[in-house]
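Visitor: One structure coming up, written as structure tokens, with questions to follow.
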Amino acid sequence: MSNLKRTHNCGELRLKDESKQVTLLGWINRRRDHGGLVFIDLRDREGITQVVFNPEVDDISHAQAHNLKPEFVIGIQGHVKARPKGTVNHNLPTGEIEVIANRLEIINPSNTPPFLIADEVNVSEDMRLRYRFLDLRRPALQKNLILRHKIYQATRKYLDEQGFIEVETPMLIKSTPEGARDYLVPSRVNPGKFYALPQSPQLFKQILMCAGFEKYFQIVKCFRDEDLRADRQPEFTQIDMEMSFIDEEDIFKVTEGLMKVLFKAGMNIEIATPFKKITFNEAMSKYGTDSPDVRFGLELVDITDLVKDSKFQVFSKVVASKGQVKGIRIQNPNFSRSDLDFLTSFVSIYRAKGLAWFKVKEILNTNKKVVLLESPIAKFFSQEEQTVIIDRFKAKPNDFLLFVADTAKVVADSLANLRLHLANKFNLIPKEEFNFIWVTEAPLVEYDEEEKRYVSVHHPFTSPHEEDYQMIETEPGKVRARAYDLVLNGIEIGGGSIRIHRRDIQERVFKLLRIEEEEAEEKFGFLLEALEYGAPPHGGIAFGLDRLLRLMVGADSIREVIAFPKTQSATCLMTDAPFEVNNRQLKELSIKLDLKSTD
RNA sequence: GUGGGAGUAGCUUAAUUGGGAAAGCUCAUGCCCGUCAAGCAUGUUGAUGUGGGUUCAAAUCCCAUCUCAUCCA
């Protein structure tokens, strides 16, 4: 072990420290060897400081410095000196000074790293994950994880001040197959029985409310055994909260306060509150998604009613079969034919069968200027029809109108994504902005065609709006849930609801979901029982911490804010998990593998 | 599960129509007292993911398979 004791870190020395004797410990980022002078960029988690080895100051350390390689761990002693005129490095916070070394100790050498440790070096994702211990040395990832730490601390401080109690809920719980797939853990002492890892602490936090804790929170790992994406990992972290004797406004207030504090602590950004609210129906109708990005316009416009008798059968037939015709107006886009072909194939990803487009044009018609539509299909629309369509969009000459006619779902999916695509293509998104909105009044249930029954949009304990109670049996699809999602820049970062705390309402909802009494008893009996022992009205919310951090740092993937993420096939390239277990382990668990019949 | 994509030197990428496997960085050696993604010179490095097939000839075409990222369900 080195007998050098660190006096400063590599990010803190400034001009005011000039002539101080210092000892720095860290990793070699780069060596620039001039034969005479040797420069070292010494790196630790706080930053980079340039160290100079000069033979006239100390020829022993200078001679040693020729042998230094990237990622060696070294300690140096020396004095701080202002850099000579013209050699200040303005890219470094420490760029005005350097440390003139008079002693060098190589604490631990390093193999040649497979890639250079620097933010600007471009390395493939799997190399980075394979060598995560090196990847994590990169300043950007260090910064991300330090930000993550700050967010944990600020969350705890704020929620503590608001009277929340942090409680840990179990990681080994009962599997309740509903929604996403559970990760299962076999029980050795109970052969043939399995625990599940929690997808959320939902039931436990409601029990804590029944138990009278009134305000609970937890920064908690959750698990879902589902296919992964750039913003989904098999294990992810939530900031989970639940409160008693509250309504939606209380949840909004606490949440808005939390976001304000987190953005201040993490980014030094002031977030304006309260957040705007939009109903689920309005979001779906204007944006085609329940998590719209409202930093820009390009809202969807419905012309279903205008084209029900259109001669253009693609439109009228869709209307006849209860579909929709909706469009987007984009101003003066100068689309070429191949641009439009591309957009057509773009919407086909979302199962749209086509994209109808029109250019708005001013033409001279019998000596009168009129604004009409131009398109290969314009001939199917009378002048009057064209005019009402143009009016509805408030379209101007040179605008393009792009339409999808299909089922409501396909129209929404394809146009929501087309809207985002166009906004990116034409730079309509103010990238610096953090735009929070609440999406409220989502439906309580939706009909699942595969299962031939209604399923919860949120979960079965979500309370319906009181005014909608009478529709639970008659028009379940119209019952609004007392649920709310928090959406930031078009990404859902949180969601929650006011819960059902009355047994009779809970039973009506179970009945609607066709959850039989026995099944309910088996799955959630403990919660139902708890509801009957004086459960307070309560509700809560949970935030996806990884997504929130990803948006804060502007990363493409949540992998950039997670220390040890998994690949798309849920493997860890560094540790090679998951891995086979030996027969003795399997035998202890009373498990036999049957690998052939996996389908 | 599905679609289109990628896999070539330690890393990042190139290779025209099926014809001699390249470059930059890293690395090694040397020069160099103000560089900072240092510079200059010289040099090392490859079963082109794996397994088959077509062909006089395959990084390139075909089949299978594995891995990674991305999208859809």
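Note on naming: chains are A, B, ... as they come in the structure tokens, residues start from 1 per chain, ligands start from 1 in the order shown.
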For chain A versus chain B, which residues have an atom no more than 10 Å away, and what is each residue's nearest atom pair and distance in Å rounded to one decimal, using only C-alpha atoms (C1' of nucleotides), chain-then-number order, as a Markdown table?
Guide:
```
| residue | atom | partner | partner_atom | distance |
| --- | --- | --- | --- | --- |
| A:Arg30 | CA | B:C36 | C1' | 8.9 |
| A:Arg31 | CA | B:A38 | C1' | 9.2 |
| A:Arg32 | CA | B:A38 | C1' | 6.1 |
| A:Asp33 | CA | B:U35 | C1' | 8.3 |
| A:His34 | CA | B:C32 | C1' | 5.5 |
| A:Gly35 | CA | B:C32 | C1' | 5.7 |
| A:Gly36 | CA | B:C33 | C1' | 4.7 |
| A:Leu37 | CA | B:C33 | C1' | 5.1 |
| A:Val38 | CA | B:U35 | C1' | 8.6 |
| A:Phe39 | CA | B:U35 | C1' | 6.9 |
| A:Ile40 | CA | B:C36 | C1' | 8.9 |
| A:Asp41 | CA | B:C36 | C1' | 8.0 |
| A:Gln50 | CA | B:C36 | C1' | 8.2 |
| A:Val52 | CA | B:G34 | C1' | 9.9 |
| A:Asn54 | CA | B:C33 | C1' | 8.1 |
| A:Pro55 | CA | B:C33 | C1' | 9.3 |
| A:Arg83 | CA | B:G34 | C1' | 9.3 |
| A:Pro84 | CA | B:G34 | C1' | 8.1 |
| A:Lys85 | CA | B:G34 | C1' | 9.9 |
| A:Gly86 | CA | B:G34 | C1' | 9.0 |
| A:Thr87 | CA | B:G34 | C1' | 6.8 |
| A:Val88 | CA | B:C36 | C1' | 9.4 |
| A:Asn89 | CA | B:C36 | C1' | 7.2 |
| A:Asn91 | CA | B:C36 | C1' | 9.4 |
| A:Leu92 | CA | B:C36 | C1' | 9.6 |
| A:Gly95 | CA | B:C36 | C1' | 9.4 |
| A:Thr112 | CA | B:C27 | C1' | 7.9 |
| A:Pro113 | CA | B:G10 | C1' | 8.1 |
| A:Pro114 | CA | B:G10 | C1' | 5.4 |
| A:Phe115 | CA | B:C11 | C1' | 5.4 |
| A:Leu116 | CA | B:U26 | C1' | 7.9 |
| A:Ala118 | CA | B:A37 | C1' | 9.0 |
| A:Glu120 | CA | B:A37 | C1' | 8.1 |
| A:Val121 | CA | B:U12 | C1' | 8.8 |
| A:Asn122 | CA | B:U12 | C1' | 6.9 |
| A:Val123 | CA | B:C11 | C1' | 7.1 |
| A:Ser124 | CA | B:U12 | C1' | 8.8 |
| A:Glu125 | CA | B:A69 | C1' | 7.5 |
| A:Asp126 | CA | B:C68 | C1' | 6.3 |
| A:Met127 | CA | B:C11 | C1' | 9.3 |
| A:Arg229 | CA | B:U70 | C1' | 8.4 |
| A:Ala230 | CA | B:U70 | C1' | 8.4 |
| A:Ile349 | CA | B:C72 | C1' | 6.7 |
| A:Tyr350 | CA | B:C72 | C1' | 7.2 |
| A:Arg351 | CA | B:C72 | C1' | 9.1 |
| A:Thr567 | CA | B:C68 | C1' | 8.2 |
| A:Gln568 | CA | B:C68 | C1' | 8.4 |
| A:Ser569 | CA | B:C68 | C1' | 9.6 |
```
Visitor: Tell me, which residues of segment 349-445 of chain A carry DSSP alpha helix (DSSP H), written as an NGL selection string?
Guide: :A and (383-393 or 408-425)
Visitor: The selected residues should be written to file as a PDB file, in the first residue's frame (atoms: C-alpha atoms).
Guide:
```
ATOM      1  CA  GLN A 383     -64.656  21.523 -53.771  1.00  0.00           C
ATOM      2  CA  GLU A 384     -67.029  21.886 -50.808  1.00  0.00           C
ATOM      3  CA  GLU A 385     -65.557  18.828 -49.093  1.00  0.00           C
ATOM      4  CA  GLN A 386     -62.062  20.154 -49.634  1.00  0.00           C
ATOM      5  CA  THR A 387     -63.012  23.508 -48.164  1.00  0.00           C
ATOM      6  CA  VAL A 388     -64.498  22.088 -44.969  1.00  0.00           C
ATOM      7  CA  ILE A 389     -61.447  19.905 -44.438  1.00  0.00           C
ATOM      8  CA  ILE A 390     -59.124  22.871 -44.967  1.00  0.00           C
ATOM      9  CA  ASP A 391     -61.242  24.957 -42.571  1.00  0.00           C
ATOM     10  CA  ARG A 392     -61.172  22.346 -39.868  1.00  0.00           C
ATOM     11  CA  PHE A 393     -57.358  22.294 -39.977  1.00  0.00           C
ATOM     12  CA  ALA A 408     -59.174   3.929 -33.594  1.00  0.00           C
ATOM     13  CA  LYS A 409     -56.161   2.089 -32.204  1.00  0.00           C
ATOM     14  CA  VAL A 410     -54.202   2.046 -35.456  1.00  0.00           C
ATOM     15  CA  VAL A 411     -55.026   5.692 -36.144  1.00  0.00           C
ATOM     16  CA  ALA A 412     -53.850   6.670 -32.665  1.00  0.00           C
ATOM     17  CA  ASP A 413     -50.645   4.607 -32.725  1.00  0.00           C
ATOM     18  CA  SER A 414     -49.580   5.564 -36.205  1.00  0.00           C
ATOM     19  CA  LEU A 415     -50.377   9.274 -35.938  1.00  0.00           C
ATOM     20  CA  ALA A 416     -48.898   9.592 -32.448  1.00  0.00           C
ATOM     21  CA  ASN A 417     -45.625   8.220 -33.775  1.00  0.00           C
ATOM     22  CA  LEU A 418     -45.852  10.166 -37.019  1.00  0.00           C
ATOM     23  CA  ARG A 419     -46.340  13.310 -34.963  1.00  0.00           C
ATOM     24  CA  LEU A 420     -43.137  12.614 -33.013  1.00  0.00           C
ATOM     25  CA  HIS A 421     -41.261  11.732 -36.161  1.00  0.00           C
ATOM     26  CA  LEU A 422     -42.279  14.966 -37.896  1.00  0.00           C
ATOM     27  CA  ALA A 423     -41.473  17.039 -34.816  1.00  0.00           C
ATOM     28  CA  ASN A 424     -37.969  15.584 -34.727  1.00  0.00           C
ATOM     29  CA  LYS A 425     -37.482  15.881 -38.453  1.00  0.00           C
TER      30      LYS A 425
END
```
Visitor: Ala272 of chain A: which residues within 12 Å, counting only C-alpha atoms (C1' of nucleotides), same-chain residues fewer than 5 positions away excluded, as an NGL selection string?
Guide: :A and (256-257 or 259-261 or 263-264 or 433-437)
Visitor: Would you save the residues from that selection as a compact mmCIF listing (two decimals), in the first residue's frame, using C-alpha atoms?
Guide:
```
# COMPACT_ATOMS: atom_id res chain seq x y z
CA GLU A 256 -44.93 18.60 -7.74
CA GLY A 257 -42.95 19.55 -4.65
CA MET A 259 -40.07 17.15 -8.73
CA LYS A 260 -39.21 20.75 -7.90
CA VAL A 261 -36.75 19.60 -5.22
CA PHE A 263 -34.61 19.13 -10.38
CA LYS A 264 -33.17 21.80 -8.11
CA GLU A 433 -37.56 22.26 -21.77
CA PHE A 434 -38.84 19.94 -19.03
CA ASN A 435 -42.58 19.79 -19.56
CA PHE A 436 -44.59 17.92 -16.94
CA ILE A 437 -48.27 17.11 -17.35
```
Visitor: Which neighbours of Gly266 of chain A fall inside 12 Å, counting only C-alpha atoms (C1' of nucleotides), when residues of the same chain fewer than 4 positions from it are skipped, and could you give them as a PDB file with C-alpha atoms, in the first residue's frame?
Guide:
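Heads up, here's the output in around_2.pdb:
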```pdb
ATOM      1  CA  LYS A 143     -21.562  11.981 -13.353  1.00  0.00           C
ATOM      2  CA  ASN A 144     -24.779  10.045 -13.988  1.00  0.00           C
ATOM      3  CA  LEU A 145     -24.377   7.807 -10.958  1.00  0.00           C
ATOM      4  CA  ILE A 146     -23.423  10.734  -8.752  1.00  0.00           C
ATOM      5  CA  LEU A 147     -26.583  12.487  -9.941  1.00  0.00           C
ATOM      6  CA  ARG A 148     -28.523   9.348  -9.094  1.00  0.00           C
ATOM      7  CA  HIS A 149     -27.066   9.452  -5.600  1.00  0.00           C
ATOM      8  CA  LYS A 150     -28.098  13.095  -5.214  1.00  0.00           C
ATOM      9  CA  ILE A 151     -31.629  12.218  -6.284  1.00  0.00           C
ATOM     10  CA  TYR A 152     -31.842   9.436  -3.685  1.00  0.00           C
ATOM     11  CA  GLN A 153     -30.696  11.842  -0.973  1.00  0.00           C
ATOM     12  CA  ALA A 154     -32.972  14.688  -2.043  1.00  0.00           C
ATOM     13  CA  THR A 155     -35.941  12.306  -2.220  1.00  0.00           C
ATOM     14  CA  LEU A 258     -40.802  16.454  -5.051  1.00  0.00           C
ATOM     15  CA  MET A 259     -40.070  17.147  -8.734  1.00  0.00           C
ATOM     16  CA  LYS A 260     -39.207  20.745  -7.899  1.00  0.00           C
ATOM     17  CA  VAL A 261     -36.753  19.604  -5.224  1.00  0.00           C
ATOM     18  CA  LEU A 262     -35.206  16.878  -7.392  1.00  0.00           C
ATOM     19  CA  GLU A 270     -36.429  25.577 -11.402  1.00  0.00           C
ATOM     20  CA  ILE A 271     -39.544  23.645 -12.326  1.00  0.00           C
ATOM     21  CA  LEU A 548     -36.596  10.243 -14.705  1.00  0.00           C
ATOM     22  CA  LEU A 549     -32.787  10.223 -14.514  1.00  0.00           C
ATOM     23  CA  LEU A 551     -34.563  12.419 -19.055  1.00  0.00           C
ATOM     24  CA  MET A 552     -32.511  14.588 -16.695  1.00  0.00           C
ATOM     25  CA  VAL A 553     -29.221  13.643 -18.330  1.00  0.00           C
TER      26      VAL A 553
END
```
Visitor: Within 9 Å of segment 21-23 of chain B, counting only C-alpha atoms (C1' of nucleotides), which residues qualify if same-chain residues fewer than 5 places away don't, as a ChimeraX atom specification?
Guide: /B:8,13-15,46,48,59
Visitor: Could you tell me, as an MDAnalysis selection string, which residues of segment 387-543 of chain A DSSP assigns to strand (DSSP E or B) when given the backbone?
Guide: chainID A and resid 400:406 436:440 443 445:448 453:456 462 464 480:481 483:488 491:499 538:543
Visitor: Those residues with N, CA and C atoms, as a compact mmCIF listing (two decimals), in the first residue's frame please?
Guide:
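Generated output (part_35.txt):
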```
# COMPACT_ATOMS: atom_id res chain seq x y z
N PHE A 400 -49.09 20.71 -45.61
CA PHE A 400 -49.45 19.35 -45.99
C PHE A 400 -50.40 18.78 -44.93
N LEU A 401 -51.39 18.02 -45.40
CA LEU A 401 -52.28 17.31 -44.49
C LEU A 401 -52.04 15.82 -44.71
N LEU A 402 -51.77 15.11 -43.60
CA LEU A 402 -51.47 13.68 -43.68
C LEU A 402 -52.53 12.93 -42.90
N PHE A 403 -53.15 11.94 -43.55
CA PHE A 403 -54.28 11.24 -42.92
C PHE A 403 -54.05 9.75 -42.81
N VAL A 404 -54.53 9.20 -41.69
CA VAL A 404 -54.63 7.75 -41.58
C VAL A 404 -56.09 7.43 -41.31
N ALA A 405 -56.61 6.45 -42.05
CA ALA A 405 -57.98 5.99 -41.86
C ALA A 405 -57.92 4.52 -41.46
N ASP A 406 -58.39 4.22 -40.24
CA ASP A 406 -58.25 2.84 -39.78
C ASP A 406 -59.04 2.68 -38.49
N PHE A 436 -43.82 18.93 -17.68
CA PHE A 436 -44.59 17.92 -16.94
C PHE A 436 -46.07 18.12 -17.19
N ILE A 437 -46.80 17.03 -17.37
CA ILE A 437 -48.27 17.11 -17.35
C ILE A 437 -48.84 15.93 -16.57
N TRP A 438 -50.00 16.17 -16.00
CA TRP A 438 -50.78 15.10 -15.39
C TRP A 438 -51.80 14.61 -16.41
N VAL A 439 -51.88 13.32 -16.58
CA VAL A 439 -52.94 12.75 -17.40
C VAL A 439 -53.92 12.08 -16.45
N THR A 440 -55.17 12.56 -16.47
CA THR A 440 -56.14 12.11 -15.47
C THR A 440 -57.33 11.40 -16.12
N PRO A 443 -59.67 5.41 -18.22
CA PRO A 443 -60.74 4.46 -17.94
C PRO A 443 -60.30 3.45 -16.89
N VAL A 445 -61.27 0.31 -16.77
CA VAL A 445 -61.03 -1.01 -17.38
C VAL A 445 -61.03 -0.88 -18.90
N GLU A 446 -60.42 -1.84 -19.55
CA GLU A 446 -60.56 -1.94 -21.01
C GLU A 446 -60.86 -3.39 -21.36
N TYR A 447 -61.50 -3.56 -22.50
CA TYR A 447 -61.89 -4.90 -22.88
C TYR A 447 -60.72 -5.62 -23.54
N ASP A 448 -60.40 -6.80 -23.05
CA ASP A 448 -59.31 -7.58 -23.61
C ASP A 448 -59.89 -8.61 -24.56
N ARG A 453 -62.68 -10.50 -21.66
CA ARG A 453 -63.19 -9.92 -20.42
C ARG A 453 -62.57 -8.55 -20.24
N TYR A 454 -63.14 -7.79 -19.30
CA TYR A 454 -62.55 -6.50 -18.96
C TYR A 454 -61.33 -6.72 -18.07
N VAL A 455 -60.28 -5.93 -18.31
CA VAL A 455 -59.10 -5.99 -17.45
C VAL A 455 -58.80 -4.58 -16.95
N SER A 456 -58.16 -4.52 -15.80
CA SER A 456 -57.82 -3.22 -15.22
C SER A 456 -56.82 -2.49 -16.09
N THR A 462 -57.78 0.20 -7.95
CA THR A 462 -57.98 1.59 -8.31
C THR A 462 -59.45 1.97 -8.14
N PRO A 464 -62.93 3.83 -8.79
CA PRO A 464 -63.65 4.55 -9.84
C PRO A 464 -64.07 5.92 -9.30
N ARG A 480 -64.66 6.11 -15.28
CA ARG A 480 -63.34 6.74 -15.16
C ARG A 480 -62.68 6.32 -13.85
N ALA A 481 -61.37 6.10 -13.93
CA ALA A 481 -60.63 5.71 -12.72
C ALA A 481 -60.12 6.98 -12.04
N ALA A 483 -57.34 7.71 -11.31
CA ALA A 483 -55.93 7.43 -11.54
C ALA A 483 -55.30 8.63 -12.22
N TYR A 484 -53.97 8.71 -12.11
CA TYR A 484 -53.26 9.83 -12.72
C TYR A 484 -51.87 9.35 -13.11
N ASP A 485 -51.44 9.80 -14.25
CA ASP A 485 -50.08 9.50 -14.69
C ASP A 485 -49.31 10.81 -14.77
N LEU A 486 -48.05 10.78 -14.41
CA LEU A 486 -47.20 11.95 -14.58
C LEU A 486 -46.35 11.73 -15.83
N VAL A 487 -46.46 12.66 -16.76
CA VAL A 487 -45.76 12.53 -18.04
C VAL A 487 -44.78 13.68 -18.18
N LEU A 488 -43.53 13.32 -18.50
CA LEU A 488 -42.50 14.34 -18.69
C LEU A 488 -41.97 14.22 -20.12
N ILE A 491 -42.82 11.07 -21.92
CA ILE A 491 -42.47 9.80 -21.30
C ILE A 491 -43.22 9.67 -19.98
N GLU A 492 -43.88 8.54 -19.79
CA GLU A 492 -44.58 8.33 -18.53
C GLU A 492 -43.53 8.06 -17.46
N ILE A 493 -43.45 8.94 -16.46
CA ILE A 493 -42.47 8.71 -15.40
C ILE A 493 -43.11 8.35 -14.08
N GLY A 494 -44.44 8.40 -14.02
CA GLY A 494 -45.06 8.02 -12.76
C GLY A 494 -46.53 7.76 -12.95
N GLY A 495 -47.09 7.01 -12.04
CA GLY A 495 -48.51 6.74 -12.12
C GLY A 495 -49.02 6.27 -10.79
N GLY A 496 -50.29 6.56 -10.54
CA GLY A 496 -50.86 6.11 -9.28
C GLY A 496 -52.36 6.31 -9.29
N SER A 497 -52.95 6.12 -8.14
CA SER A 497 -54.39 6.24 -8.06
C SER A 497 -54.84 6.38 -6.62
N ILE A 498 -56.08 6.85 -6.48
CA ILE A 498 -56.78 6.72 -5.21
C ILE A 498 -57.31 5.28 -5.20
N ARG A 499 -57.14 4.59 -4.07
CA ARG A 499 -57.51 3.17 -4.02
C ARG A 499 -58.93 3.00 -3.50
N HIS A 538 -57.21 6.00 1.02
CA HIS A 538 -55.79 6.20 0.74
C HIS A 538 -55.51 6.14 -0.76
N GLY A 539 -54.34 6.58 -1.10
CA GLY A 539 -53.94 6.55 -2.50
C GLY A 539 -52.45 6.79 -2.58
N GLY A 540 -51.88 6.62 -3.76
CA GLY A 540 -50.44 6.79 -3.87
C GLY A 540 -49.98 6.92 -5.30
N ILE A 541 -48.68 6.86 -5.43
CA ILE A 541 -48.07 7.04 -6.74
C ILE A 541 -46.68 6.42 -6.70
N ALA A 542 -46.17 6.05 -7.86
CA ALA A 542 -44.80 5.53 -7.94
C ALA A 542 -44.13 6.13 -9.17
N PHE A 543 -42.86 6.45 -9.02
CA PHE A 543 -42.11 7.07 -10.12
C PHE A 543 -41.01 6.15 -10.61
```
Visitor: Between atom CA of Gly554 of chain A and atom CA of Arg128 of chain A, measure the distance and give it in Å to one decimal.
Guide: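 Distance reported for this atom pair: 18.9 Å.
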Visitor: Pick out the residues sitting within 12 Å of G30 of chain B, and hand them over as a ChimeraX atom specification; count only C-alpha atoms (C1' of nucleotides), and ignore anything fewer than 3 positions along from it in its own chain.
Guide: /A:35 /B:40-43
